[in-house]
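data02.pdb follows; it contains PDB, C-alpha atoms and all ligand atoms.
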```
MODEL        1
ATOM      1  CA  MET B  17      -0.041  -1.849 -29.449  1.00  0.00           C
ATOM      2  CA  LYS B  18      -0.342  -4.708 -26.968  1.00  0.00           C
ATOM      3  CA  ILE B  19       0.953  -8.087 -28.130  1.00  0.00           C
ATOM      4  CA  VAL B  20      -0.357 -11.283 -26.538  1.00  0.00           C
ATOM      5  CA  ARG B  21       0.808 -14.880 -26.768  1.00  0.00           C
ATOM      6  CA  PHE B  22      -1.853 -17.399 -25.867  1.00  0.00           C
ATOM      7  CA  SER B  23      -3.281 -20.859 -26.302  1.00  0.00           C
ATOM      8  CA  TYR B  24      -6.746 -21.500 -27.654  1.00  0.00           C
ATOM      9  CA  LYS B  25      -8.187 -24.966 -28.295  1.00  0.00           C
ATOM     10  CA  LYS B  26      -4.736 -26.496 -27.737  1.00  0.00           C
ATOM     11  CA  GLU B  27      -3.057 -24.285 -30.351  1.00  0.00           C
ATOM     12  CA  VAL B  28      -0.577 -21.488 -29.628  1.00  0.00           C
ATOM     13  CA  PHE B  29      -1.050 -18.057 -31.231  1.00  0.00           C
ATOM     14  CA  TRP B  30       0.294 -14.547 -31.107  1.00  0.00           C
ATOM     15  CA  GLY B  31      -2.171 -11.690 -31.338  1.00  0.00           C
ATOM     16  CA  ILE B  32      -2.931  -8.030 -30.870  1.00  0.00           C
ATOM     17  CA  LEU B  33      -5.130  -7.057 -27.942  1.00  0.00           C
ATOM     18  CA  LYS B  34      -8.402  -5.388 -28.931  1.00  0.00           C
ATOM     19  CA  ARG B  35     -11.130  -4.280 -26.505  1.00  0.00           C
ATOM     20  CA  ASN B  36     -12.716  -7.697 -25.769  1.00  0.00           C
ATOM     21  CA  SER B  37     -10.844  -9.881 -28.193  1.00  0.00           C
ATOM     22  CA  VAL B  38      -7.466 -10.748 -29.619  1.00  0.00           C
ATOM     23  CA  ARG B  39      -6.724 -10.335 -33.318  1.00  0.00           C
ATOM     24  CA  VAL B  40      -4.502 -13.212 -34.369  1.00  0.00           C
ATOM     25  CA  ILE B  41      -1.268 -12.364 -36.188  1.00  0.00           C
ATOM     26  CA  LYS B  42       0.640 -14.524 -38.656  1.00  0.00           C
ATOM     27  CA  ASP B  43       3.710 -16.302 -37.233  1.00  0.00           C
ATOM     28  CA  ASP B  44       5.446 -14.359 -34.457  1.00  0.00           C
ATOM     29  CA  PRO B  45       5.766 -10.585 -33.936  1.00  0.00           C
ATOM     30  CA  TYR B  46       9.575 -10.327 -33.932  1.00  0.00           C
ATOM     31  CA  LYS B  47      10.155  -9.373 -37.585  1.00  0.00           C
ATOM     32  CA  ASN B  48       6.862  -8.034 -38.874  1.00  0.00           C
ATOM     33  CA  ILE B  49       3.456  -7.894 -37.299  1.00  0.00           C
ATOM     34  CA  LYS B  50       0.975  -9.250 -39.874  1.00  0.00           C
ATOM     35  CA  PRO B  51      -2.618  -9.199 -38.568  1.00  0.00           C
ATOM     36  CA  THR B  52      -5.024 -11.839 -39.908  1.00  0.00           C
ATOM     37  CA  LYS B  53      -8.836 -11.559 -40.012  1.00  0.00           C
ATOM     38  CA  LYS B  54      -9.258 -14.018 -37.139  1.00  0.00           C
ATOM     39  CA  HIS B  55     -10.517 -12.619 -33.797  1.00  0.00           C
ATOM     40  CA  ILE B  56     -10.754 -14.710 -30.620  1.00  0.00           C
ATOM     41  CA  ASP B  57     -12.761 -13.689 -27.578  1.00  0.00           C
ATOM     42  CA  LEU B  58     -10.494 -12.575 -24.730  1.00  0.00           C
ATOM     43  CA  THR B  59     -12.349 -14.691 -22.160  1.00  0.00           C
ATOM     44  CA  SER B  60     -11.631 -17.929 -24.031  1.00  0.00           C
ATOM     45  CA  ILE B  61      -7.833 -17.664 -24.228  1.00  0.00           C
ATOM     46  CA  LYS B  62      -5.147 -18.896 -21.850  1.00  0.00           C
ATOM     47  CA  PHE B  63      -2.323 -16.363 -21.506  1.00  0.00           C
ATOM     48  CA  LEU B  64       1.210 -17.601 -22.181  1.00  0.00           C
ATOM     49  CA  PRO B  65       4.448 -15.696 -21.503  1.00  0.00           C
ATOM     50  CA  PRO B  66       4.600 -13.058 -24.284  1.00  0.00           C
ATOM     51  CA  ALA B  67       8.141 -14.005 -25.373  1.00  0.00           C
ATOM     52  CA  THR B  68      10.041 -17.126 -26.391  1.00  0.00           C
ATOM     53  CA  PRO B  69      13.516 -16.486 -24.964  1.00  0.00           C
ATOM     54  CA  SER B  70      16.745 -18.401 -25.404  1.00  0.00           C
ATOM     55  CA  LYS B  71      17.759 -16.688 -22.138  1.00  0.00           C
ATOM     56  CA  ILE B  72      16.345 -14.401 -19.468  1.00  0.00           C
ATOM     57  CA  ILE B  73      18.830 -11.856 -18.155  1.00  0.00           C
ATOM     58  CA  LEU B  74      18.028  -9.906 -15.011  1.00  0.00           C
ATOM     59  CA  THR B  75      19.584  -6.898 -13.353  1.00  0.00           C
ATOM     60  CA  GLY B  76      20.358  -6.776  -9.609  1.00  0.00           C
ATOM     61  CA  LEU B  77      20.171  -3.558  -7.632  1.00  0.00           C
ATOM     62  CA  ASN B  78      18.944  -0.879 -10.101  1.00  0.00           C
ATOM     63  CA  TYR B  79      16.645   1.525  -8.221  1.00  0.00           C
ATOM     64  CA  LYS B  80      18.158   4.386  -6.235  1.00  0.00           C
ATOM     65  CA  ASP B  81      15.338   4.202  -3.670  1.00  0.00           C
ATOM     66  CA  HIS B  82      15.909   0.430  -3.226  1.00  0.00           C
ATOM     67  CA  ALA B  83      19.667   0.976  -2.712  1.00  0.00           C
ATOM     68  CA  ILE B  84      18.867   3.599  -0.056  1.00  0.00           C
ATOM     69  CA  GLU B  85      16.368   1.209   1.596  1.00  0.00           C
ATOM     70  CA  LEU B  86      19.078  -1.468   1.804  1.00  0.00           C
ATOM     71  CA  GLY B  87      21.750   1.027   2.942  1.00  0.00           C
ATOM     72  CA  MET B  88      23.895   0.023  -0.028  1.00  0.00           C
ATOM     73  CA  LYS B  89      26.222   2.131  -2.176  1.00  0.00           C
ATOM     74  CA  LEU B  90      25.055   2.695  -5.754  1.00  0.00           C
ATOM     75  CA  PRO B  91      26.736   0.111  -8.029  1.00  0.00           C
ATOM     76  CA  LYS B  92      29.172   1.431 -10.651  1.00  0.00           C
ATOM     77  CA  GLU B  93      28.045  -1.077 -13.269  1.00  0.00           C
ATOM     78  CA  PRO B  94      24.994  -3.346 -13.537  1.00  0.00           C
ATOM     79  CA  VAL B  95      25.041  -6.662 -11.675  1.00  0.00           C
ATOM     80  CA  ILE B  96      23.398  -9.275 -13.883  1.00  0.00           C
ATOM     81  CA  PHE B  97      22.255 -12.877 -13.525  1.00  0.00           C
ATOM     82  CA  LEU B  98      20.191 -15.420 -15.481  1.00  0.00           C
ATOM     83  CA  LYS B  99      16.993 -17.383 -15.037  1.00  0.00           C
ATOM     84  CA  PRO B 100      16.309 -20.444 -17.231  1.00  0.00           C
ATOM     85  CA  PRO B 101      13.391 -20.326 -19.711  1.00  0.00           C
ATOM     86  CA  SER B 102      11.967 -23.344 -17.798  1.00  0.00           C
ATOM     87  CA  ALA B 103      11.050 -20.899 -14.983  1.00  0.00           C
ATOM     88  CA  LEU B 104       8.629 -18.966 -17.224  1.00  0.00           C
ATOM     89  CA  ILE B 105       4.885 -18.823 -16.621  1.00  0.00           C
ATOM     90  CA  GLY B 106       2.199 -16.517 -17.976  1.00  0.00           C
ATOM     91  CA  HIS B 107      -0.524 -14.293 -16.536  1.00  0.00           C
ATOM     92  CA  GLU B 108      -2.926 -16.207 -14.232  1.00  0.00           C
ATOM     93  CA  GLU B 109      -0.657 -19.271 -13.989  1.00  0.00           C
ATOM     94  CA  ASP B 110       0.320 -20.519 -10.525  1.00  0.00           C
ATOM     95  CA  ILE B 111       3.668 -19.909  -8.828  1.00  0.00           C
ATOM     96  CA  ILE B 112       4.646 -23.193  -7.195  1.00  0.00           C
ATOM     97  CA  TYR B 113       6.114 -22.711  -3.716  1.00  0.00           C
ATOM     98  CA  PRO B 114       8.746 -25.458  -3.349  1.00  0.00           C
ATOM     99  CA  LYS B 115       8.071 -27.516  -0.214  1.00  0.00           C
ATOM    100  CA  ALA B 116      11.653 -27.467   1.062  1.00  0.00           C
ATOM    101  CA  VAL B 117      12.071 -23.687   0.732  1.00  0.00           C
ATOM    102  CA  ARG B 118      11.353 -21.493   3.737  1.00  0.00           C
ATOM    103  CA  ARG B 119      10.910 -18.081   2.161  1.00  0.00           C
ATOM    104  CA  VAL B 120       9.764 -16.997  -1.305  1.00  0.00           C
ATOM    105  CA  ASP B 121       9.656 -13.290  -2.257  1.00  0.00           C
ATOM    106  CA  TYR B 122       8.096 -11.231  -5.048  1.00  0.00           C
ATOM    107  CA  GLU B 123      10.045  -8.575  -6.989  1.00  0.00           C
ATOM    108  CA  ALA B 124       8.074  -6.361  -9.413  1.00  0.00           C
ATOM    109  CA  GLU B 125      10.153  -5.523 -12.499  1.00  0.00           C
ATOM    110  CA  LEU B 126       9.909  -3.868 -15.904  1.00  0.00           C
ATOM    111  CA  ALA B 127      11.178  -6.256 -18.594  1.00  0.00           C
ATOM    112  CA  VAL B 128      12.207  -5.789 -22.210  1.00  0.00           C
ATOM    113  CA  VAL B 129      11.534  -8.272 -25.027  1.00  0.00           C
ATOM    114  CA  ILE B 130      14.194  -8.340 -27.757  1.00  0.00           C
ATOM    115  CA  LYS B 131      13.052  -8.578 -31.394  1.00  0.00           C
ATOM    116  CA  LYS B 132      16.276  -9.137 -33.342  1.00  0.00           C
ATOM    117  CA  GLU B 133      19.735 -10.533 -32.935  1.00  0.00           C
ATOM    118  CA  GLY B 134      22.326  -8.127 -31.668  1.00  0.00           C
ATOM    119  CA  LYS B 135      25.832  -7.914 -30.249  1.00  0.00           C
ATOM    120  CA  ASN B 136      27.659  -4.815 -28.951  1.00  0.00           C
ATOM    121  CA  ILE B 137      24.579  -2.637 -29.489  1.00  0.00           C
ATOM    122  CA  PRO B 138      25.355   1.058 -28.929  1.00  0.00           C
ATOM    123  CA  GLU B 139      23.000   2.820 -26.517  1.00  0.00           C
ATOM    124  CA  ASN B 140      21.567   5.049 -29.244  1.00  0.00           C
ATOM    125  CA  LYS B 141      20.606   1.971 -31.349  1.00  0.00           C
ATOM    126  CA  VAL B 142      19.014  -0.094 -28.545  1.00  0.00           C
ATOM    127  CA  ASP B 143      15.428   0.943 -29.405  1.00  0.00           C
ATOM    128  CA  ASP B 144      15.773  -0.800 -32.810  1.00  0.00           C
ATOM    129  CA  TYR B 145      16.225  -4.121 -30.978  1.00  0.00           C
ATOM    130  CA  ILE B 146      13.284  -3.846 -28.565  1.00  0.00           C
ATOM    131  CA  LEU B 147       9.890  -5.351 -29.427  1.00  0.00           C
ATOM    132  CA  GLY B 148       8.353  -3.825 -26.320  1.00  0.00           C
ATOM    133  CA  TYR B 149       7.911  -3.848 -22.556  1.00  0.00           C
ATOM    134  CA  THR B 150       6.174  -6.191 -20.139  1.00  0.00           C
ATOM    135  CA  CYS B 151       5.751  -6.954 -16.414  1.00  0.00           C
ATOM    136  CA  LEU B 152       7.973  -9.548 -14.762  1.00  0.00           C
ATOM    137  CA  ASN B 153       8.007 -10.996 -11.264  1.00  0.00           C
ATOM    138  CA  ASP B 154      11.555 -12.022 -10.252  1.00  0.00           C
ATOM    139  CA  VAL B 155      10.408 -14.665  -7.755  1.00  0.00           C
ATOM    140  CA  THR B 156      13.244 -15.440  -5.341  1.00  0.00           C
ATOM    141  CA  ALA B 157      13.870 -18.032  -2.626  1.00  0.00           C
ATOM    142  CA  ARG B 158      15.445 -15.402  -0.362  1.00  0.00           C
ATOM    143  CA  ILE B 159      17.121 -17.627   2.225  1.00  0.00           C
ATOM    144  CA  LEU B 160      18.761 -19.715  -0.492  1.00  0.00           C
ATOM    145  CA  GLN B 161      19.919 -16.510  -2.212  1.00  0.00           C
ATOM    146  CA  GLN B 162      21.611 -15.408   0.995  1.00  0.00           C
ATOM    147  CA  LYS B 163      23.068 -18.866   1.677  1.00  0.00           C
ATOM    148  CA  ASP B 164      24.475 -19.655  -1.792  1.00  0.00           C
ATOM    149  CA  ILE B 165      27.256 -17.564  -3.299  1.00  0.00           C
ATOM    150  CA  GLN B 166      25.658 -17.908  -6.726  1.00  0.00           C
ATOM    151  CA  TRP B 167      21.991 -16.970  -7.056  1.00  0.00           C
ATOM    152  CA  THR B 168      21.109 -19.662  -9.590  1.00  0.00           C
ATOM    153  CA  ARG B 169      19.253 -21.999  -7.214  1.00  0.00           C
ATOM    154  CA  ALA B 170      17.294 -19.204  -5.509  1.00  0.00           C
ATOM    155  CA  LYS B 171      16.095 -17.698  -8.787  1.00  0.00           C
ATOM    156  CA  SER B 172      15.551 -20.716 -11.016  1.00  0.00           C
ATOM    157  CA  PHE B 173      12.799 -22.956  -9.646  1.00  0.00           C
ATOM    158  CA  ASP B 174      10.073 -23.817 -12.168  1.00  0.00           C
ATOM    159  CA  THR B 175       7.396 -21.049 -12.188  1.00  0.00           C
ATOM    160  CA  PHE B 176       9.766 -18.452 -10.621  1.00  0.00           C
ATOM    161  CA  CYS B 177       9.491 -16.161 -13.670  1.00  0.00           C
ATOM    162  CA  PRO B 178       5.939 -14.920 -14.280  1.00  0.00           C
ATOM    163  CA  VAL B 179       5.831 -12.582 -17.316  1.00  0.00           C
ATOM    164  CA  GLY B 180       2.999 -10.713 -19.041  1.00  0.00           C
ATOM    165  CA  PRO B 181       0.124 -10.256 -19.679  1.00  0.00           C
ATOM    166  CA  TYR B 182       1.145  -8.213 -22.742  1.00  0.00           C
ATOM    167  CA  VAL B 183       4.107  -6.677 -24.502  1.00  0.00           C
ATOM    168  CA  GLU B 184       3.439  -2.981 -25.094  1.00  0.00           C
ATOM    169  CA  THR B 185       5.268  -1.927 -28.241  1.00  0.00           C
ATOM    170  CA  SER B 186       5.009   1.866 -27.941  1.00  0.00           C
ATOM    171  CA  LEU B 187       6.139   3.049 -24.559  1.00  0.00           C
ATOM    172  CA  ASP B 188       8.737   5.392 -23.102  1.00  0.00           C
ATOM    173  CA  PRO B 189      10.231   3.318 -20.258  1.00  0.00           C
ATOM    174  CA  SER B 190      11.916   6.203 -18.460  1.00  0.00           C
ATOM    175  CA  ARG B 191       9.073   7.408 -16.203  1.00  0.00           C
ATOM    176  CA  LEU B 192       6.587   4.596 -15.551  1.00  0.00           C
ATOM    177  CA  LYS B 193       4.796   3.864 -12.290  1.00  0.00           C
ATOM    178  CA  ILE B 194       5.623   0.341 -11.084  1.00  0.00           C
ATOM    179  CA  LYS B 195       3.677  -1.382  -8.297  1.00  0.00           C
ATOM    180  CA  ALA B 196       3.236  -4.739  -6.582  1.00  0.00           C
ATOM    181  CA  TYR B 197       0.057  -5.767  -4.776  1.00  0.00           C
ATOM    182  CA  LEU B 198      -0.023  -8.730  -2.386  1.00  0.00           C
ATOM    183  CA  ASN B 199      -3.618  -9.909  -1.854  1.00  0.00           C
ATOM    184  CA  GLY B 200      -4.754  -6.511  -3.161  1.00  0.00           C
ATOM    185  CA  LYS B 201      -2.564  -4.512  -0.741  1.00  0.00           C
ATOM    186  CA  LEU B 202       0.028  -2.149  -2.214  1.00  0.00           C
ATOM    187  CA  ARG B 203       3.551  -3.372  -1.311  1.00  0.00           C
ATOM    188  CA  GLN B 204       5.866  -1.846  -3.928  1.00  0.00           C
ATOM    189  CA  ASP B 205       5.278   1.636  -5.339  1.00  0.00           C
ATOM    190  CA  SER B 206       7.959   3.425  -7.349  1.00  0.00           C
ATOM    191  CA  VAL B 207       8.775   4.969 -10.717  1.00  0.00           C
ATOM    192  CA  THR B 208      11.311   3.866 -13.299  1.00  0.00           C
ATOM    193  CA  SER B 209      12.856   7.352 -13.205  1.00  0.00           C
ATOM    194  CA  SER B 210      14.555   5.995 -10.061  1.00  0.00           C
ATOM    195  CA  PHE B 211      16.664   3.630 -12.223  1.00  0.00           C
ATOM    196  CA  ILE B 212      20.407   3.734 -11.552  1.00  0.00           C
ATOM    197  CA  PHE B 213      21.034   2.382 -15.089  1.00  0.00           C
ATOM    198  CA  THR B 214      18.540   3.183 -17.865  1.00  0.00           C
ATOM    199  CA  VAL B 215      16.956   0.516 -20.073  1.00  0.00           C
ATOM    200  CA  ARG B 216      19.175   1.572 -22.996  1.00  0.00           C
ATOM    201  CA  TYR B 217      22.295   1.359 -20.832  1.00  0.00           C
ATOM    202  CA  VAL B 218      21.382  -2.084 -19.441  1.00  0.00           C
ATOM    203  CA  VAL B 219      20.552  -3.590 -22.870  1.00  0.00           C
ATOM    204  CA  SER B 220      23.711  -2.139 -24.422  1.00  0.00           C
ATOM    205  CA  PHE B 221      25.823  -3.374 -21.476  1.00  0.00           C
ATOM    206  CA  ILE B 222      24.425  -6.923 -21.666  1.00  0.00           C
ATOM    207  CA  SER B 223      24.826  -7.048 -25.472  1.00  0.00           C
ATOM    208  CA  GLY B 224      28.524  -6.365 -24.919  1.00  0.00           C
ATOM    209  CA  ILE B 225      28.729  -9.633 -22.970  1.00  0.00           C
ATOM    210  CA  MET B 226      26.374 -12.028 -24.778  1.00  0.00           C
ATOM    211  CA  SER B 227      24.679 -12.016 -28.179  1.00  0.00           C
ATOM    212  CA  LEU B 228      21.002 -11.226 -27.862  1.00  0.00           C
ATOM    213  CA  SER B 229      18.444 -13.277 -29.803  1.00  0.00           C
ATOM    214  CA  CYS B 230      14.876 -12.467 -30.766  1.00  0.00           C
ATOM    215  CA  GLY B 231      12.543 -13.313 -27.907  1.00  0.00           C
ATOM    216  CA  ASP B 232      15.162 -12.843 -25.185  1.00  0.00           C
ATOM    217  CA  ILE B 233      13.957 -11.130 -22.020  1.00  0.00           C
ATOM    218  CA  ILE B 234      15.948  -8.531 -20.100  1.00  0.00           C
ATOM    219  CA  SER B 235      14.622  -7.436 -16.717  1.00  0.00           C
ATOM    220  CA  THR B 236      15.633  -4.177 -15.082  1.00  0.00           C
ATOM    221  CA  GLY B 237      15.610  -4.728 -11.310  1.00  0.00           C
ATOM    222  CA  THR B 238      13.087  -4.122  -8.549  1.00  0.00           C
ATOM    223  CA  PRO B 239      12.129  -1.052  -6.480  1.00  0.00           C
ATOM    224  CA  PRO B 240      11.829  -0.990  -2.632  1.00  0.00           C
ATOM    225  CA  GLY B 241       9.264  -3.020  -0.722  1.00  0.00           C
ATOM    226  CA  VAL B 242      10.071  -6.601  -1.764  1.00  0.00           C
ATOM    227  CA  GLY B 243       8.591  -9.145   0.598  1.00  0.00           C
ATOM    228  CA  GLU B 244       7.395 -12.612   1.353  1.00  0.00           C
ATOM    229  CA  MET B 245       4.616 -14.572  -0.356  1.00  0.00           C
ATOM    230  CA  ASN B 246       2.924 -17.677   0.979  1.00  0.00           C
ATOM    231  CA  PRO B 247       0.727 -20.420  -0.480  1.00  0.00           C
ATOM    232  CA  GLY B 248      -2.775 -19.031  -1.031  1.00  0.00           C
ATOM    233  CA  ASP B 249      -1.509 -15.492  -1.739  1.00  0.00           C
ATOM    234  CA  THR B 250      -2.162 -13.585  -4.953  1.00  0.00           C
ATOM    235  CA  ILE B 251       0.631 -11.361  -6.249  1.00  0.00           C
ATOM    236  CA  GLU B 252       0.166  -8.678  -8.899  1.00  0.00           C
ATOM    237  CA  VAL B 253       2.774  -6.608 -10.739  1.00  0.00           C
ATOM    238  CA  GLU B 254       1.370  -3.473 -12.332  1.00  0.00           C
ATOM    239  CA  ILE B 255       3.249  -1.153 -14.692  1.00  0.00           C
ATOM    240  CA  GLU B 256       1.781   2.016 -16.131  1.00  0.00           C
ATOM    241  CA  GLY B 257       0.938   1.644 -19.815  1.00  0.00           C
ATOM    242  CA  ILE B 258       1.350  -2.146 -19.789  1.00  0.00           C
ATOM    243  CA  GLY B 259      -1.148  -3.737 -17.409  1.00  0.00           C
ATOM    244  CA  ARG B 260      -1.303  -6.021 -14.434  1.00  0.00           C
ATOM    245  CA  LEU B 261       0.343  -9.463 -14.201  1.00  0.00           C
ATOM    246  CA  ARG B 262      -1.485 -11.667 -11.674  1.00  0.00           C
ATOM    247  CA  ASN B 263      -0.384 -15.023 -10.237  1.00  0.00           C
ATOM    248  CA  ARG B 264      -1.462 -17.160  -7.321  1.00  0.00           C
ATOM    249  CA  VAL B 265       0.991 -18.997  -5.052  1.00  0.00           C
ATOM    250  CA  VAL B 266       0.340 -22.699  -4.472  1.00  0.00           C
ATOM    251  CA  ILE B 267       2.252 -25.301  -2.509  1.00  0.00           C
ATOM    252  CA  GLY B 268       4.458 -27.635  -4.573  1.00  0.00           C
TER     253      GLY B 268
HETATM  254 MG    MG Z   1      15.151  -8.820  -9.140  1.00  0.00          MG
ENDMDL
END
```
Once more with this new file: its structure as structure tokens, please.
Amino acid sequence: MKIVRFSYKKEVFWGILKRNSVRVIKDDPYKNIKPTKKHIDLTSIKFLPPATPSKIILTGLNYKDHAIELGMKLPKEPVIFLKPPSALIGHEEDIIYPKAVRRVDYEAELAVVIKKEGKNIPENKVDDYILGYTCLNDVTARILQQKDIQWTRAKSFDTFCPVGPYVETSLDPSRLKIKAYLNGKLRQDSVTSSFIFTVRYVVSFISGIMSLSCGDIISTGTPPGVGEMNPGDTIEVEIEGIGRLRNRVVIG
């Protein structure tokens, strides 16, 4: 099932994706998914990020092929960092390229949406805490990332966290094709079987550090082929079984 969060006539809804429409659900999808009888045409909705996180936790180097590309040793444990919820945007919203920043990159990533509170979750229980999977673009001001010791500035500008369009609730995340297209040209092309740390391992590891809340987003790192975007470009993140997240870059 594909879950959508959207606005329609100035109201915010959650829904289930049907062929050409969205079936509205009652409240949010974290506890129970209760479909109503209301259907809204897909062309008349504005996509919103399909999660309402208290925090967005991302993983650094997590693809073997990306580590090889960078000539780096495989990490022994996940490297994690945060983005603020104020960086979130949805499908078809614009990424704002900050004027004073000289280089902004895309990073296609598979992200998890958490559906219930959890702390110290064992790996074999992680699936009980996951609502589903979505596409995320870990937009990064690369020169600032290299210049600052902490990555917070480089990763946290408003609009630097596109997520969506949907959350797929039934998906095996261990062998999915993941791609990025810049202006329609394929730039990243890998499979999640190249993960150094599996989704279950990453979620369990992070839950040992911080309590997870419903709506939190955990992203799992990017494959090889990251690169620069410029104002006027369109960037798309596509993950098998989920869909394609599309955003345009505009000057701030
Ligand atoms: Mg990343």
Find the nearest atom pair between each residue of chain B and ligand MG 1 (chain Z) for residues within 9 Å, count only C-alpha atoms and all ligand atoms, give distances in Å to one decimal, sort rows by chain and ascending number, and present the table as a tab-separated table.
```
residue	atom	partner	partner_atom	distance
B:Leu74	CA	Z:MG1	MG	6.6
B:Thr75	CA	Z:MG1	MG	6.4
B:Gly76	CA	Z:MG1	MG	5.6
B:Leu77	CA	Z:MG1	MG	7.4
B:Asn78	CA	Z:MG1	MG	8.9
B:Tyr122	CA	Z:MG1	MG	8.5
B:Glu123	CA	Z:MG1	MG	5.5
B:Ala124	CA	Z:MG1	MG	7.5
B:Glu125	CA	Z:MG1	MG	6.9
B:Asn153	CA	Z:MG1	MG	7.8
B:Asp154	CA	Z:MG1	MG	4.9
B:Val155	CA	Z:MG1	MG	7.7
B:Thr156	CA	Z:MG1	MG	7.9
B:Lys171	CA	Z:MG1	MG	8.9
B:Ser235	CA	Z:MG1	MG	7.7
B:Thr236	CA	Z:MG1	MG	7.6
B:Gly237	CA	Z:MG1	MG	4.7
B:Thr238	CA	Z:MG1	MG	5.2
B:Pro239	CA	Z:MG1	MG	8.7
```
field: Residues matched by the PyMOL selection byres (((chain B and resi 169) around 12) and not hetatm) as a list in words
entry: Phe97, Leu98, Lys99, Pro100, Ala103, Pro114, Val117, Val155, Thr156, Ala157, Arg158, Ile159, Leu160, Gln161, Gln162, Lys163, Asp164, Ile165, Gln166, Trp167, Thr168, Ala170, Lys171, Ser172, Phe173, Asp174 and Phe176 of chain B
message: What's the separation between CA of Gly134 in chain B and CA of Ser220 in chain B, in Å to one decimal place?
response: 9.5 Å
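Pairwise distance (CA of Arg216 in chain B, CA of Asn140 in chain B) equals 7.5 Å.
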- prompt: What separation in Å, quoted to one decimal, exists between CA of Leu228 in chain B and CA of Phe211 in chain B?
  reply: 22.0 Å
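The closest residue to Thr208 in chain B, picked from B:Arg191, B:Lys34, B:Lys131, B:Arg264 and counting only C-alpha atoms, is B:Arg191.
Residue nearest Val179 in chain B, chosen from B:Ala83, B:Ile41, B:Ala127, B:Ile112 and counting only C-alpha atoms: B:Ala127.
Restricting the calculation to all atoms listed in the file, the smallest distance between Lys193 in chain B and any of B:Pro45, B:Gly224, B:Pro240, B:Gly257 is found for B:Gly257.
Using all atoms listed in the file, the shortest contact distance between His107 in chain B and any of B:Leu198, B:Ile233, B:Ile255, B:Cys177 is found at B:Cys177.
Look at Glu27 in chain B: the protein and nucleic acid residues within 12 Å of it, using all atoms listed in the file and passing over chain neighbours fewer than 5 places away, are B:Arg21, B:Phe22, B:Val40, B:Ile61, B:Lys62, B:Phe63, B:Leu64.
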- prompt: Of the residues B:Val183, B:Cys151, B:Leu90, B:Met245, which is the one nearest to Trp30 in chain B, using all atoms listed in the file?
  reply: B:Val183
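Of the residues under consideration (B:Asp205, B:Val95, B:Glu254, B:Ile19), B:Val95 shows the shortest atom-to-atom contact distance to Ile73 in chain B when counting only C-alpha atoms.
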task: Using the chain letters and residue numbers of this document, give as a VMD selection string the residues selected by the PyMOL selection byres (((chain B and resi 189) around 8) and not hetatm).
output: chain B and resid 149 187 to 188 190 to 192 208 215
Please determine an axis-aligned box that encloses all atoms of range 260-265 of chain B listed in the file, with 6 Å added on each side, and express its centre and edge lengths in Å to one decimal as JSON.
```
{"center_x": -0.2, "center_y": -12.5, "center_z": -9.7, "size_x": 14.5, "size_y": 25.0, "size_z": 21.4}
```
message: Excluding Ser223 in chain B and its own-chain neighbours fewer than 3 positions away, which residues fall within 12 Å of it when counting only C-alpha atoms? Please give them as a PyMOL selection string.
response: chain B and resi 73+96+130+132-139+141-142+145+216-220+226-229+232+234
message: List as a PyMOL selection string the protein and nucleic acid residues near Gly268 in chain B, meaning an atom at most 10 Å away when only C-alpha atoms are counted, but skip any in the same chain fewer than 4 places from it.
response: chain B and resi 111-116+247
